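Note: the block below is start.pdb and it holds PDB, C-alpha atoms.
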```pdb
ATOM      1  CA  MET A   1      -8.435 -22.100  64.775
ATOM      2  CA  SER A   2      -5.455 -21.020  62.722
ATOM      3  CA  ALA A   3      -4.360 -17.402  62.513
ATOM      4  CA  GLN A   4      -6.265 -15.081  60.209
ATOM      5  CA  LEU A   5      -4.488 -13.958  57.065
ATOM      6  CA  SER A   6      -5.182 -10.792  55.107
ATOM      7  CA  LEU A   7      -5.419 -11.390  51.373
ATOM      8  CA  THR A   8      -6.507  -9.574  48.255
ATOM      9  CA  VAL A   9      -8.802 -11.854  46.266
ATOM     10  CA  ASN A  10      -9.954 -10.624  42.868
ATOM     11  CA  GLY A  11      -9.299  -7.065  43.964
ATOM     12  CA  GLU A  12     -11.173  -7.361  47.286
ATOM     13  CA  LEU A  13      -9.597  -7.438  50.723
ATOM     14  CA  ARG A  14     -10.434 -10.656  52.561
ATOM     15  CA  ARG A  15      -9.513 -12.275  55.836
ATOM     16  CA  THR A  16      -9.257 -16.032  55.927
ATOM     17  CA  SER A  17      -8.297 -18.861  58.199
ATOM     18  CA  ALA A  18      -7.703 -21.163  55.232
ATOM     19  CA  ALA A  19      -4.189 -22.562  55.177
ATOM     20  CA  THR A  20      -3.926 -23.393  51.490
ATOM     21  CA  ILE A  21      -5.215 -21.974  48.225
ATOM     22  CA  ALA A  22      -7.404 -25.048  47.692
ATOM     23  CA  ALA A  23      -8.981 -24.555  51.125
ATOM     24  CA  LEU A  24      -9.628 -20.882  50.362
ATOM     25  CA  VAL A  25     -11.210 -21.704  47.008
ATOM     26  CA  THR A  26     -13.462 -24.274  48.669
ATOM     27  CA  ASP A  27     -14.340 -21.838  51.485
ATOM     28  CA  LEU A  28     -15.426 -19.335  48.826
ATOM     29  CA  GLY A  29     -17.901 -21.909  47.543
ATOM     30  CA  LEU A  30     -15.934 -22.684  44.392
ATOM     31  CA  LYS A  31     -14.695 -25.941  42.936
ATOM     32  CA  PRO A  32     -10.884 -25.984  42.620
ATOM     33  CA  GLU A  33     -11.129 -28.062  39.430
ATOM     34  CA  LYS A  34     -13.115 -25.303  37.679
ATOM     35  CA  VAL A  35     -10.844 -22.346  38.349
ATOM     36  CA  ALA A  36      -7.312 -21.147  37.705
ATOM     37  CA  VAL A  37      -5.356 -19.238  40.304
ATOM     38  CA  GLU A  38      -2.627 -16.668  40.052
ATOM     39  CA  ARG A  39      -0.756 -15.665  43.194
ATOM     40  CA  ASN A  40       1.331 -12.492  43.245
ATOM     41  CA  GLY A  41       1.456 -12.574  39.447
ATOM     42  CA  VAL A  42       2.515 -16.224  39.172
ATOM     43  CA  ILE A  43       0.243 -19.072  38.077
ATOM     44  CA  VAL A  44      -0.261 -21.743  40.687
ATOM     45  CA  PRO A  45      -0.610 -25.116  38.923
ATOM     46  CA  ARG A  46      -3.953 -26.673  39.744
ATOM     47  CA  SER A  47      -2.308 -29.908  40.840
ATOM     48  CA  THR A  48      -0.487 -28.012  43.605
ATOM     49  CA  LEU A  49      -3.401 -25.907  44.947
ATOM     50  CA  ALA A  50      -3.894 -28.275  47.888
ATOM     51  CA  GLU A  51      -0.279 -27.850  49.004
ATOM     52  CA  ALA A  52       0.065 -24.133  48.181
ATOM     53  CA  ALA A  53       0.286 -22.472  51.615
ATOM     54  CA  LEU A  54      -1.187 -18.977  51.871
ATOM     55  CA  ALA A  55       0.885 -16.137  53.249
ATOM     56  CA  ASP A  56      -0.268 -12.849  54.739
ATOM     57  CA  GLY A  57      -0.592 -10.191  52.041
ATOM     58  CA  ASP A  58      -0.948 -12.601  49.118
ATOM     59  CA  VAL A  59      -2.671 -11.126  46.077
ATOM     60  CA  LEU A  60      -4.798 -13.764  44.364
ATOM     61  CA  GLU A  61      -6.669 -13.796  41.122
ATOM     62  CA  ILE A  62      -9.187 -16.600  40.763
ATOM     63  CA  VAL A  63     -10.619 -16.933  37.264
ATOM     64  CA  HIS A  64     -12.798 -19.256  35.255
ATOM     65  CA  PHE A  65     -14.313 -19.492  31.798
ATOM     66  CA  VAL A  66     -17.322 -17.323  31.036
ATOM     67  CA  GLY A  67     -19.297 -16.697  27.894
ATOM     68  CA  GLY A  68     -17.454 -14.593  25.340
ATOM     69  CA  GLY A  69     -16.805 -14.034  21.672
TER      70      GLY A  69
ATOM     71  CA  MET B   1     -14.563 -38.276  -9.250
ATOM     72  CA  ASP B   2     -13.159 -36.650  -6.152
ATOM     73  CA  MET B   3     -14.845 -38.473  -3.275
ATOM     74  CA  GLN B   4     -13.346 -36.005  -0.833
ATOM     75  CA  ALA B   5     -15.545 -33.324  -2.291
ATOM     76  CA  THR B   6     -18.679 -35.404  -2.673
ATOM     77  CA  ASN B   7     -18.740 -36.987   0.769
ATOM     78  CA  PRO B   8     -19.236 -34.204   3.293
ATOM     79  CA  ASP B   9     -18.264 -36.503   6.182
ATOM     80  CA  SER B  10     -14.724 -36.784   4.863
ATOM     81  CA  ASP B  11     -14.343 -33.030   4.466
ATOM     82  CA  THR B  12     -12.608 -32.259   7.709
ATOM     83  CA  TRP B  13     -10.132 -29.580   8.687
ATOM     84  CA  SER B  14      -7.309 -29.683  11.170
ATOM     85  CA  VAL B  15      -5.627 -27.130  13.354
ATOM     86  CA  ALA B  16      -2.518 -27.905  15.413
ATOM     87  CA  GLY B  17      -3.187 -31.642  15.120
ATOM     88  CA  HIS B  18      -6.859 -31.487  16.125
ATOM     89  CA  THR B  19      -9.373 -32.479  13.451
ATOM     90  CA  PHE B  20     -12.890 -31.111  13.227
ATOM     91  CA  ARG B  21     -15.834 -31.697  10.934
ATOM     92  CA  SER B  22     -17.741 -28.472  11.578
ATOM     93  CA  ARG B  23     -16.205 -25.365  10.063
ATOM     94  CA  LEU B  24     -18.278 -23.071  12.215
ATOM     95  CA  ILE B  25     -16.899 -21.787  15.509
ATOM     96  CA  VAL B  26     -19.344 -19.934  17.720
ATOM     97  CA  GLY B  27     -18.932 -17.527  20.591
ATOM     98  CA  THR B  28     -20.706 -17.830  23.922
ATOM     99  CA  GLY B  29     -21.318 -14.157  24.674
ATOM    100  CA  LYS B  30     -24.424 -11.956  24.513
ATOM    101  CA  TYR B  31     -27.027 -14.720  24.831
ATOM    102  CA  LYS B  32     -30.203 -14.210  26.877
ATOM    103  CA  ASP B  33     -29.184 -17.089  29.138
ATOM    104  CA  PHE B  34     -27.061 -20.233  29.190
ATOM    105  CA  ALA B  35     -29.944 -22.436  28.036
ATOM    106  CA  GLN B  36     -30.428 -20.371  24.880
ATOM    107  CA  ASN B  37     -26.681 -20.393  24.324
ATOM    108  CA  ALA B  38     -26.561 -24.189  24.604
ATOM    109  CA  ALA B  39     -29.537 -24.604  22.254
ATOM    110  CA  ALA B  40     -27.965 -22.301  19.654
ATOM    111  CA  LEU B  41     -24.713 -24.232  19.906
ATOM    112  CA  GLU B  42     -26.574 -27.464  19.299
ATOM    113  CA  ALA B  43     -28.349 -26.015  16.251
ATOM    114  CA  SER B  44     -25.087 -24.628  14.855
ATOM    115  CA  GLY B  45     -23.381 -28.011  14.915
ATOM    116  CA  ALA B  46     -20.197 -26.256  16.049
ATOM    117  CA  GLU B  47     -17.537 -28.358  17.743
ATOM    118  CA  ILE B  48     -15.567 -25.394  19.094
ATOM    119  CA  VAL B  49     -16.789 -22.494  21.229
ATOM    120  CA  THR B  50     -14.846 -19.425  22.205
ATOM    121  CA  VAL B  51     -14.891 -18.523  25.876
ATOM    122  CA  ALA B  52     -13.534 -15.639  27.909
ATOM    123  CA  VAL B  53     -11.438 -15.803  31.066
ATOM    124  CA  ARG B  54     -12.749 -13.643  33.878
ATOM    125  CA  ARG B  55     -12.635 -13.339  37.651
ATOM    126  CA  VAL B  56     -15.018 -15.663  39.456
ATOM    127  CA  ASN B  57     -17.863 -13.964  41.299
ATOM    128  CA  ILE B  58     -16.689 -14.459  44.870
ATOM    129  CA  SER B  59     -19.644 -12.587  46.344
ATOM    130  CA  ASP B  60     -22.141 -15.016  44.765
ATOM    131  CA  PRO B  61     -20.396 -18.257  43.795
ATOM    132  CA  SER B  62     -23.690 -20.142  43.539
ATOM    133  CA  GLN B  63     -24.591 -18.432  40.238
ATOM    134  CA  PRO B  64     -24.775 -20.831  37.276
ATOM    135  CA  VAL B  65     -21.665 -21.057  35.132
ATOM    136  CA  LEU B  66     -21.061 -21.777  31.460
ATOM    137  CA  MET B  67     -19.569 -25.214  32.139
ATOM    138  CA  ASP B  68     -22.880 -26.323  33.703
ATOM    139  CA  TYR B  69     -24.544 -25.858  30.311
ATOM    140  CA  ILE B  70     -21.784 -26.486  27.758
ATOM    141  CA  ASP B  71     -19.704 -29.526  28.607
ATOM    142  CA  PRO B  72     -16.015 -28.926  27.870
ATOM    143  CA  LYS B  73     -15.584 -32.671  27.425
ATOM    144  CA  LYS B  74     -17.986 -32.641  24.481
ATOM    145  CA  VAL B  75     -17.227 -29.248  22.951
ATOM    146  CA  THR B  76     -13.765 -27.792  22.559
ATOM    147  CA  TYR B  77     -13.366 -24.653  24.645
ATOM    148  CA  LEU B  78     -11.217 -22.133  22.802
ATOM    149  CA  PRO B  79     -10.113 -19.554  25.364
ATOM    150  CA  ASN B  80     -10.032 -16.086  23.887
ATOM    151  CA  THR B  81      -8.286 -12.910  24.990
ATOM    152  CA  ALA B  82     -11.127 -10.558  24.059
ATOM    153  CA  GLY B  83     -10.789  -7.347  26.027
ATOM    154  CA  CYS B  84      -6.977  -7.414  26.151
ATOM    155  CA  PHE B  85      -5.236  -4.349  24.751
ATOM    156  CA  THR B  86      -1.589  -5.341  25.285
ATOM    157  CA  ALA B  87       0.504  -8.426  24.548
ATOM    158  CA  ASP B  88       1.257  -8.817  28.257
ATOM    159  CA  GLU B  89      -2.429  -8.849  29.260
ATOM    160  CA  ALA B  90      -3.232 -11.380  26.554
ATOM    161  CA  ILE B  91      -0.340 -13.656  27.518
ATOM    162  CA  ARG B  92      -1.294 -13.509  31.194
ATOM    163  CA  THR B  93      -4.906 -14.329  30.335
ATOM    164  CA  LEU B  94      -3.948 -17.336  28.235
ATOM    165  CA  ARG B  95      -1.530 -18.697  30.838
ATOM    166  CA  LEU B  96      -4.469 -18.689  33.254
ATOM    167  CA  ALA B  97      -6.715 -20.213  30.592
ATOM    168  CA  ARG B  98      -4.276 -23.050  30.064
ATOM    169  CA  GLU B  99      -4.347 -23.736  33.785
ATOM    170  CA  ALA B 100      -8.159 -23.573  33.872
ATOM    171  CA  GLY B 101      -8.605 -25.783  30.847
ATOM    172  CA  GLY B 102      -5.394 -27.690  30.391
ATOM    173  CA  TRP B 103      -5.476 -26.863  26.715
ATOM    174  CA  GLU B 104      -2.806 -25.377  24.442
ATOM    175  CA  LEU B 105      -5.146 -24.387  21.604
ATOM    176  CA  VAL B 106      -6.131 -20.781  22.253
ATOM    177  CA  LYS B 107      -7.437 -17.756  20.423
ATOM    178  CA  LEU B 108      -5.329 -14.650  20.652
ATOM    179  CA  GLU B 109      -6.680 -11.207  20.057
ATOM    180  CA  VAL B 110      -4.953  -8.026  21.118
ATOM    181  CA  LEU B 111      -7.131  -5.023  20.480
ATOM    182  CA  GLY B 112      -5.952  -1.592  19.459
ATOM    183  CA  GLU B 113      -8.880   0.620  20.461
ATOM    184  CA  ALA B 114     -12.417   0.336  21.769
ATOM    185  CA  ARG B 115     -14.114   2.208  18.928
ATOM    186  CA  THR B 116     -13.208  -0.211  16.128
ATOM    187  CA  LEU B 117     -11.901  -3.171  18.159
ATOM    188  CA  TYR B 118      -9.309  -3.430  15.415
ATOM    189  CA  PRO B 119      -6.355  -5.616  16.340
ATOM    190  CA  ASP B 120      -3.063  -3.988  17.326
ATOM    191  CA  MET B 121      -0.849  -6.026  15.022
ATOM    192  CA  ARG B 122       2.442  -5.061  16.640
ATOM    193  CA  GLU B 123       1.279  -6.314  20.020
ATOM    194  CA  THR B 124      -0.454  -9.289  18.401
ATOM    195  CA  LEU B 125       2.767 -10.402  16.688
ATOM    196  CA  LYS B 126       4.720  -9.993  19.904
ATOM    197  CA  ALA B 127       2.199 -12.069  21.854
ATOM    198  CA  THR B 128       2.091 -14.748  19.140
ATOM    199  CA  GLU B 129       5.859 -15.240  19.379
ATOM    200  CA  VAL B 130       5.870 -15.466  23.172
ATOM    201  CA  LEU B 131       2.909 -17.855  23.269
ATOM    202  CA  ALA B 132       4.311 -20.125  20.547
ATOM    203  CA  ASN B 133       7.607 -20.310  22.459
ATOM    204  CA  GLU B 134       5.694 -21.358  25.583
ATOM    205  CA  GLY B 135       4.069 -24.236  23.726
ATOM    206  CA  PHE B 136       0.723 -22.599  23.062
ATOM    207  CA  LYS B 137      -1.063 -23.148  19.746
ATOM    208  CA  PRO B 138      -2.417 -19.678  19.048
ATOM    209  CA  MET B 139      -5.187 -19.066  16.529
ATOM    210  CA  VAL B 140      -4.795 -15.376  15.892
ATOM    211  CA  TYR B 141      -7.332 -12.631  15.171
ATOM    212  CA  CYS B 142      -5.813 -10.183  12.705
ATOM    213  CA  VAL B 143      -6.376  -7.512  10.131
ATOM    214  CA  ASP B 144      -7.305  -8.634   6.624
ATOM    215  CA  ASP B 145      -3.768  -8.054   5.394
ATOM    216  CA  PRO B 146      -1.930 -10.866   3.593
ATOM    217  CA  ILE B 147       1.477  -9.667   4.778
ATOM    218  CA  ALA B 148       0.390  -9.497   8.417
ATOM    219  CA  ALA B 149      -1.075 -12.988   8.037
ATOM    220  CA  GLN B 150       2.254 -14.338   6.766
ATOM    221  CA  GLN B 151       4.130 -12.652   9.593
ATOM    222  CA  LEU B 152       1.810 -14.269  12.128
ATOM    223  CA  GLU B 153       2.297 -17.645  10.525
ATOM    224  CA  SER B 154       6.084 -17.234  10.737
ATOM    225  CA  ALA B 155       5.721 -16.214  14.375
ATOM    226  CA  GLY B 156       3.929 -19.464  15.222
ATOM    227  CA  ALA B 157       0.216 -18.855  14.619
ATOM    228  CA  VAL B 158      -1.514 -22.201  14.006
ATOM    229  CA  ALA B 159      -4.388 -20.418  12.263
ATOM    230  CA  VAL B 160      -4.929 -16.886  11.049
ATOM    231  CA  MET B 161      -8.301 -15.283  11.631
ATOM    232  CA  PRO B 162      -8.764 -12.107   9.649
ATOM    233  CA  LEU B 163     -11.725  -9.869  10.376
ATOM    234  CA  GLY B 164     -14.399  -9.574   7.694
ATOM    235  CA  ALA B 165     -15.574  -6.318   9.304
ATOM    236  CA  PRO B 166     -15.336  -4.856  12.822
ATOM    237  CA  ILE B 167     -16.278  -7.163  15.710
ATOM    238  CA  GLY B 168     -20.002  -7.093  16.391
ATOM    239  CA  SER B 169     -20.773  -4.886  13.373
ATOM    240  CA  GLY B 170     -22.560  -7.478  11.230
ATOM    241  CA  LEU B 171     -21.382  -5.641   8.113
ATOM    242  CA  GLY B 172     -20.277  -8.773   6.269
ATOM    243  CA  ILE B 173     -17.051  -9.417   4.367
ATOM    244  CA  GLN B 174     -15.856  -5.954   3.383
ATOM    245  CA  ASN B 175     -12.825  -6.943   1.350
ATOM    246  CA  ARG B 176     -13.076 -10.204  -0.527
ATOM    247  CA  VAL B 177      -9.791  -9.571  -2.313
ATOM    248  CA  THR B 178      -7.683  -9.450   0.845
ATOM    249  CA  ILE B 179      -9.409 -12.493   2.339
ATOM    250  CA  ARG B 180      -8.746 -14.438  -0.859
ATOM    251  CA  LEU B 181      -5.103 -13.309  -0.909
ATOM    252  CA  ILE B 182      -4.676 -14.461   2.701
ATOM    253  CA  VAL B 183      -6.203 -17.853   1.846
ATOM    254  CA  GLU B 184      -3.926 -18.245  -1.173
ATOM    255  CA  GLY B 185      -0.798 -17.372   0.793
ATOM    256  CA  ALA B 186      -1.460 -19.306   3.990
ATOM    257  CA  LYS B 187      -0.153 -22.738   4.933
ATOM    258  CA  VAL B 188      -2.242 -22.744   8.123
ATOM    259  CA  PRO B 189      -6.049 -22.645   8.316
ATOM    260  CA  VAL B 190      -7.720 -19.307   7.617
ATOM    261  CA  LEU B 191     -10.958 -18.493   9.407
ATOM    262  CA  VAL B 192     -12.919 -15.299   9.057
ATOM    263  CA  ASP B 193     -13.393 -13.973  12.565
ATOM    264  CA  ALA B 194     -15.725 -11.050  13.094
ATOM    265  CA  GLY B 195     -18.055  -9.095  10.884
ATOM    266  CA  VAL B 196     -20.480 -11.795   9.785
ATOM    267  CA  GLY B 197     -24.050 -10.531  10.036
ATOM    268  CA  THR B 198     -26.166 -13.075   8.233
ATOM    269  CA  ALA B 199     -25.957 -16.425   6.496
ATOM    270  CA  SER B 200     -24.832 -15.108   3.111
ATOM    271  CA  ASP B 201     -21.789 -13.469   4.764
ATOM    272  CA  ALA B 202     -20.698 -16.835   6.118
ATOM    273  CA  ALA B 203     -21.224 -18.412   2.702
ATOM    274  CA  VAL B 204     -19.073 -15.702   1.092
ATOM    275  CA  ALA B 205     -16.234 -16.426   3.517
ATOM    276  CA  MET B 206     -16.375 -20.112   2.689
ATOM    277  CA  GLU B 207     -16.652 -19.504  -1.054
ATOM    278  CA  LEU B 208     -13.439 -17.506  -0.826
ATOM    279  CA  GLY B 209     -11.740 -20.687   0.370
ATOM    280  CA  CYS B 210     -11.590 -20.040   4.077
ATOM    281  CA  ASP B 211     -11.298 -23.114   6.276
ATOM    282  CA  GLY B 212     -13.933 -21.836   8.650
ATOM    283  CA  VAL B 213     -15.842 -18.955  10.147
ATOM    284  CA  LEU B 214     -16.090 -17.711  13.720
ATOM    285  CA  MET B 215     -19.072 -15.691  14.858
ATOM    286  CA  ASN B 216     -20.940 -14.683  17.958
ATOM    287  CA  THR B 217     -23.142 -11.603  17.615
ATOM    288  CA  ALA B 218     -24.757 -12.668  14.317
ATOM    289  CA  ILE B 219     -26.321 -15.609  16.125
ATOM    290  CA  ALA B 220     -26.748 -14.180  19.631
ATOM    291  CA  GLU B 221     -28.423 -10.943  18.483
ATOM    292  CA  ALA B 222     -30.739 -12.527  15.911
ATOM    293  CA  LYS B 223     -34.392 -12.374  16.987
ATOM    294  CA  ASP B 224     -34.384 -16.169  16.874
ATOM    295  CA  PRO B 225     -30.813 -17.185  17.697
ATOM    296  CA  ILE B 226     -31.467 -20.902  17.402
ATOM    297  CA  ARG B 227     -32.861 -20.584  13.904
ATOM    298  CA  MET B 228     -29.986 -18.297  12.905
ATOM    299  CA  ALA B 229     -27.513 -20.825  14.299
ATOM    300  CA  ARG B 230     -29.000 -23.425  11.973
ATOM    301  CA  ALA B 231     -28.889 -20.954   9.064
ATOM    302  CA  MET B 232     -25.191 -20.382   9.737
ATOM    303  CA  LYS B 233     -24.489 -24.110   9.837
ATOM    304  CA  LEU B 234     -26.165 -24.535   6.454
ATOM    305  CA  ALA B 235     -24.493 -21.428   5.002
ATOM    306  CA  VAL B 236     -21.029 -22.602   6.012
ATOM    307  CA  GLU B 237     -21.710 -26.012   4.501
ATOM    308  CA  ALA B 238     -23.170 -24.506   1.331
ATOM    309  CA  GLY B 239     -20.277 -22.091   0.929
ATOM    310  CA  ARG B 240     -17.767 -24.864   1.459
ATOM    311  CA  ASP B 241     -19.448 -27.096  -1.132
ATOM    312  CA  ALA B 242     -19.634 -24.205  -3.576
ATOM    313  CA  TYR B 243     -15.917 -23.532  -3.119
ATOM    314  CA  LEU B 244     -15.003 -27.201  -3.596
ATOM    315  CA  SER B 245     -17.298 -27.653  -6.574
ATOM    316  CA  GLY B 246     -15.536 -24.960  -8.589
ATOM    317  CA  ARG B 247     -18.023 -22.325  -9.583
ATOM    318  CA  MET B 248     -18.875 -21.447 -13.202
ATOM    319  CA  GLY B 249     -17.104 -18.594 -14.888
ATOM    320  CA  THR B 250     -18.889 -15.297 -15.226
ATOM    321  CA  ARG B 251     -19.947 -13.843 -18.575
ATOM    322  CA  LYS B 252     -20.626 -10.305 -19.579
ATOM    323  CA  TYR B 253     -23.862 -11.202 -21.335
ATOM    324  CA  ALA B 254     -26.618 -13.804 -21.229
ATOM    325  CA  ASP B 255     -26.193 -17.428 -22.266
ATOM    326  CA  PRO B 256     -29.419 -19.422 -22.655
ATOM    327  CA  SER B 257     -29.845 -22.633 -20.716
ATOM    328  CA  SER B 258     -32.274 -24.188 -23.204
ATOM    329  CA  PRO B 259     -31.107 -25.328 -26.670
ATOM    330  CA  LEU B 260     -31.723 -22.892 -29.494
ATOM    331  CA  ALA B 261     -32.219 -25.761 -31.977
ATOM    332  CA  GLY B 262     -35.729 -27.185 -32.395
ATOM    333  CA  LEU B 263     -37.587 -24.032 -31.496
ATOM    334  CA  ILE B 264     -41.151 -24.108 -32.788
TER     335      ILE B 264
END
```
Is it possible to express this structure as structure tokens?
Amino acid sequence: MSAQLSLTVNGELRRTSAATIAALVTDLGLKPEKVAVERNGVIVPRSTLAEAALADGDVLEIVHFVGGG
Amino acid sequence: MDMQATNPDSDTWSVAGHTFRSRLIVGTGKYKDFAQNAAALEASGAEIVTVAVRRVNISDPSQPVLMDYIDPKKVTYLPNTAGCFTADEAIRTLRLAREAGGWELVKLEVLGEARTLYPDMRETLKATEVLANEGFKPMVYCVDDPIAAQQLESAGAVAVMPLGAPIGSGLGIQNRVTIRLIVEGAKVPVLVDAGVGTASDAAVAMELGCDGVLMNTAIAEAKDPIRMARAMKLAVEAGRDAYLSGRMGTRKYADPSSPLAGLI
């Protein structure tokens, strides 16, 4: 079991043992290929989500397309 | 005879190198559910849908999502910045959209206030420049002002999308003169975005020479959205044909259609 990290995900505080952003996204029940991720204000390219290591205190925004005008 | 005008299949329009047959773009907001949304899209014949970019629901990720009902491989998703009130917010949203969709063609709108949802043109221009420099192809919601439309075009807008009336108002095209002036002055496609309430409004936009019409509420809030979607498809086609056919001149007084000679 890896160390727990404290993150802010979409405005909510979360603790995770996921090592990478892709692992976190999957743990949240989401499909990495259907979302876009911003970490600390910087876009993380989808192709690098599996290698993007999480750090304690990271602020993540995970978004997707929803209905809109 | 101009076969371009007589064969509707060859009457296409292009934006930033992408060619479409349907001149109707529909939104994906305000529907009862995704199934109704998908059925209305089908009836509208639209090849482009606008979508919003929002946080995923991390507390209930099993909820159905738009992509389960509207396949982005079959229909072009046009990410929109609805709800953004500054250039920075809109740019941030579209950078995320590009990552989520891998698509440069986007719709930019930067709103000025909640009451009218009128665009803030200073922020809109600023965002257009930044986005164009980053390789985006922004289709830009704007006021119905021919000078603003030209400024957007110079800043890198690949299409200008003047409002016909406030977003969601259904008031129809309020100023035909300014829409026509924008069409006459533009070298990029012009699409009326916002204000359409019923089929005749869409036809008016097309008769003024617009390349297309974007709408959401007019279809989604109709009592029968699927039937209204079909009405809009037909209205856009009818308006386009009427524009291409070159309408008759108007007269101040009557002119009989039947010959006067040979009356009994």
Give me, as a Markdown table, the closest atom pair and its distance (Å, one decimal) for every residue of region 126-240 of chain B within a cut-off of 7 Å of region 32-42 of chain B, counting all atoms listed in the file, rows sorted by chain and rising number.
```
| residue | atom | partner | partner_atom | distance |
| --- | --- | --- | --- | --- |
| B:Pro225 | CA | B:Ala40 | CA | 6.2 |
| B:Ile226 | CA | B:Ala40 | CA | 4.4 |
| B:Ala229 | CA | B:Ala40 | CA | 5.6 |
```
Interface list for chain B, partner chain A, 7 Å threshold, only C-alpha atoms, as a ChimeraX atom specification
/B:27-29,50-56,58,61,66,96,99-100,216
Within 9 Å of (-10.2, -19.0, 17.4) (file coordinates; only C-alpha atoms), which protein or nucleic acid residues are there? I'd like them as a PDB file with C-alpha atoms, in the frame of the given file.
```pdb
ATOM      1  CA  ILE B  25     -16.899 -21.787  15.509  1.00  0.00           C
ATOM      2  CA  ILE B  48     -15.567 -25.394  19.094  1.00  0.00           C
ATOM      3  CA  VAL B  49     -16.789 -22.494  21.229  1.00  0.00           C
ATOM      4  CA  THR B  50     -14.846 -19.425  22.205  1.00  0.00           C
ATOM      5  CA  LEU B  78     -11.217 -22.133  22.802  1.00  0.00           C
ATOM      6  CA  PRO B  79     -10.113 -19.554  25.364  1.00  0.00           C
ATOM      7  CA  ASN B  80     -10.032 -16.086  23.887  1.00  0.00           C
ATOM      8  CA  LEU B 105      -5.146 -24.387  21.604  1.00  0.00           C
ATOM      9  CA  VAL B 106      -6.131 -20.781  22.253  1.00  0.00           C
ATOM     10  CA  LYS B 107      -7.437 -17.756  20.423  1.00  0.00           C
ATOM     11  CA  LEU B 108      -5.329 -14.650  20.652  1.00  0.00           C
ATOM     12  CA  GLU B 109      -6.680 -11.207  20.057  1.00  0.00           C
ATOM     13  CA  PRO B 138      -2.417 -19.678  19.048  1.00  0.00           C
ATOM     14  CA  MET B 139      -5.187 -19.066  16.529  1.00  0.00           C
ATOM     15  CA  VAL B 140      -4.795 -15.376  15.892  1.00  0.00           C
ATOM     16  CA  TYR B 141      -7.332 -12.631  15.171  1.00  0.00           C
ATOM     17  CA  ALA B 159      -4.388 -20.418  12.263  1.00  0.00           C
ATOM     18  CA  VAL B 160      -4.929 -16.886  11.049  1.00  0.00           C
ATOM     19  CA  MET B 161      -8.301 -15.283  11.631  1.00  0.00           C
ATOM     20  CA  LEU B 191     -10.958 -18.493   9.407  1.00  0.00           C
ATOM     21  CA  ASP B 193     -13.393 -13.973  12.565  1.00  0.00           C
ATOM     22  CA  LEU B 214     -16.090 -17.711  13.720  1.00  0.00           C
TER      23      LEU B 214
END
```
Around (-17.0, -22.8, -3.8), as given in the file, which residues come within 9 Å? Count all atoms listed in the file and list them as a list in words.
Ala203, Val204, Met206, Glu207, Leu208, Gly209, Ala238, Gly239, Arg240, Asp241, Ala242, Tyr243, Leu244, Ser245, Gly246 and Arg247 of chain B
Can I get the selection written as a compact mmCIF listing (two decimals), keeping the file's coordinate frame, with C-alpha atoms?
```txt
# COMPACT_ATOMS: atom_id res chain seq x y z
CA ALA B 203 -21.22 -18.41 2.70
CA VAL B 204 -19.07 -15.70 1.09
CA MET B 206 -16.38 -20.11 2.69
CA GLU B 207 -16.65 -19.50 -1.05
CA LEU B 208 -13.44 -17.51 -0.83
CA GLY B 209 -11.74 -20.69 0.37
CA ALA B 238 -23.17 -24.51 1.33
CA GLY B 239 -20.28 -22.09 0.93
CA ARG B 240 -17.77 -24.86 1.46
CA ASP B 241 -19.45 -27.10 -1.13
CA ALA B 242 -19.63 -24.20 -3.58
CA TYR B 243 -15.92 -23.53 -3.12
CA LEU B 244 -15.00 -27.20 -3.60
CA SER B 245 -17.30 -27.65 -6.57
CA GLY B 246 -15.54 -24.96 -8.59
CA ARG B 247 -18.02 -22.32 -9.58
```
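Atom pair CA of Gly101 (chain B) / CA of Val65 (chain B) has a distance of 14.5 Å (rounded to one decimal).
Put simply, CA of Gln151 (chain B) is 17.3 Å away from CA of Tyr118 (chain B).
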Resolved residues for the PyMOL selection byres ((chain A and resi 54) around 12) as JSON, numbers by chain:
{"A": [2, 3, 4, 5, 6, 7, 8, 9, 15, 16, 17, 18, 19, 20, 21, 22, 23, 24, 25, 39, 40, 44, 49, 50, 51, 52, 53, 55, 56, 57, 58, 59, 60]}
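Picture a line from CA of Ala235 (chain B) to CA of Pro189 (chain B); it runs 18.8 Å.
Residues in contact with Ala205 (chain B) at 9 Å, where all atoms listed in the file are counted and same-chain residues fewer than 4 positions away are skipped, are listed as Gly164, Ile173, Arg176, Ile179, Arg180, Leu191, Val192, Val196, Ser200, Asp201, Gly209, Cys210, Asp211, Gly212, Val213, Val236, Gly239 and Arg240 of chain B.
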Pull C-alpha atoms from the residues just selected and write them as a short mmCIF file (atom, residue, chain, number, x, y, z; two decimals), in the frame of the given file.
```cif
data_model
loop_
_atom_site.label_atom_id
_atom_site.label_comp_id
_atom_site.auth_asym_id
_atom_site.auth_seq_id
_atom_site.Cartn_x
_atom_site.Cartn_y
_atom_site.Cartn_z
CA GLY B 164 -14.40 -9.57 7.69
CA ILE B 173 -17.05 -9.42 4.37
CA ARG B 176 -13.08 -10.20 -0.53
CA ILE B 179 -9.41 -12.49 2.34
CA ARG B 180 -8.75 -14.44 -0.86
CA LEU B 191 -10.96 -18.49 9.41
CA VAL B 192 -12.92 -15.30 9.06
CA VAL B 196 -20.48 -11.80 9.78
CA SER B 200 -24.83 -15.11 3.11
CA ASP B 201 -21.79 -13.47 4.76
CA GLY B 209 -11.74 -20.69 0.37
CA CYS B 210 -11.59 -20.04 4.08
CA ASP B 211 -11.30 -23.11 6.28
CA GLY B 212 -13.93 -21.84 8.65
CA VAL B 213 -15.84 -18.95 10.15
CA VAL B 236 -21.03 -22.60 6.01
CA GLY B 239 -20.28 -22.09 0.93
CA ARG B 240 -17.77 -24.86 1.46
#
```
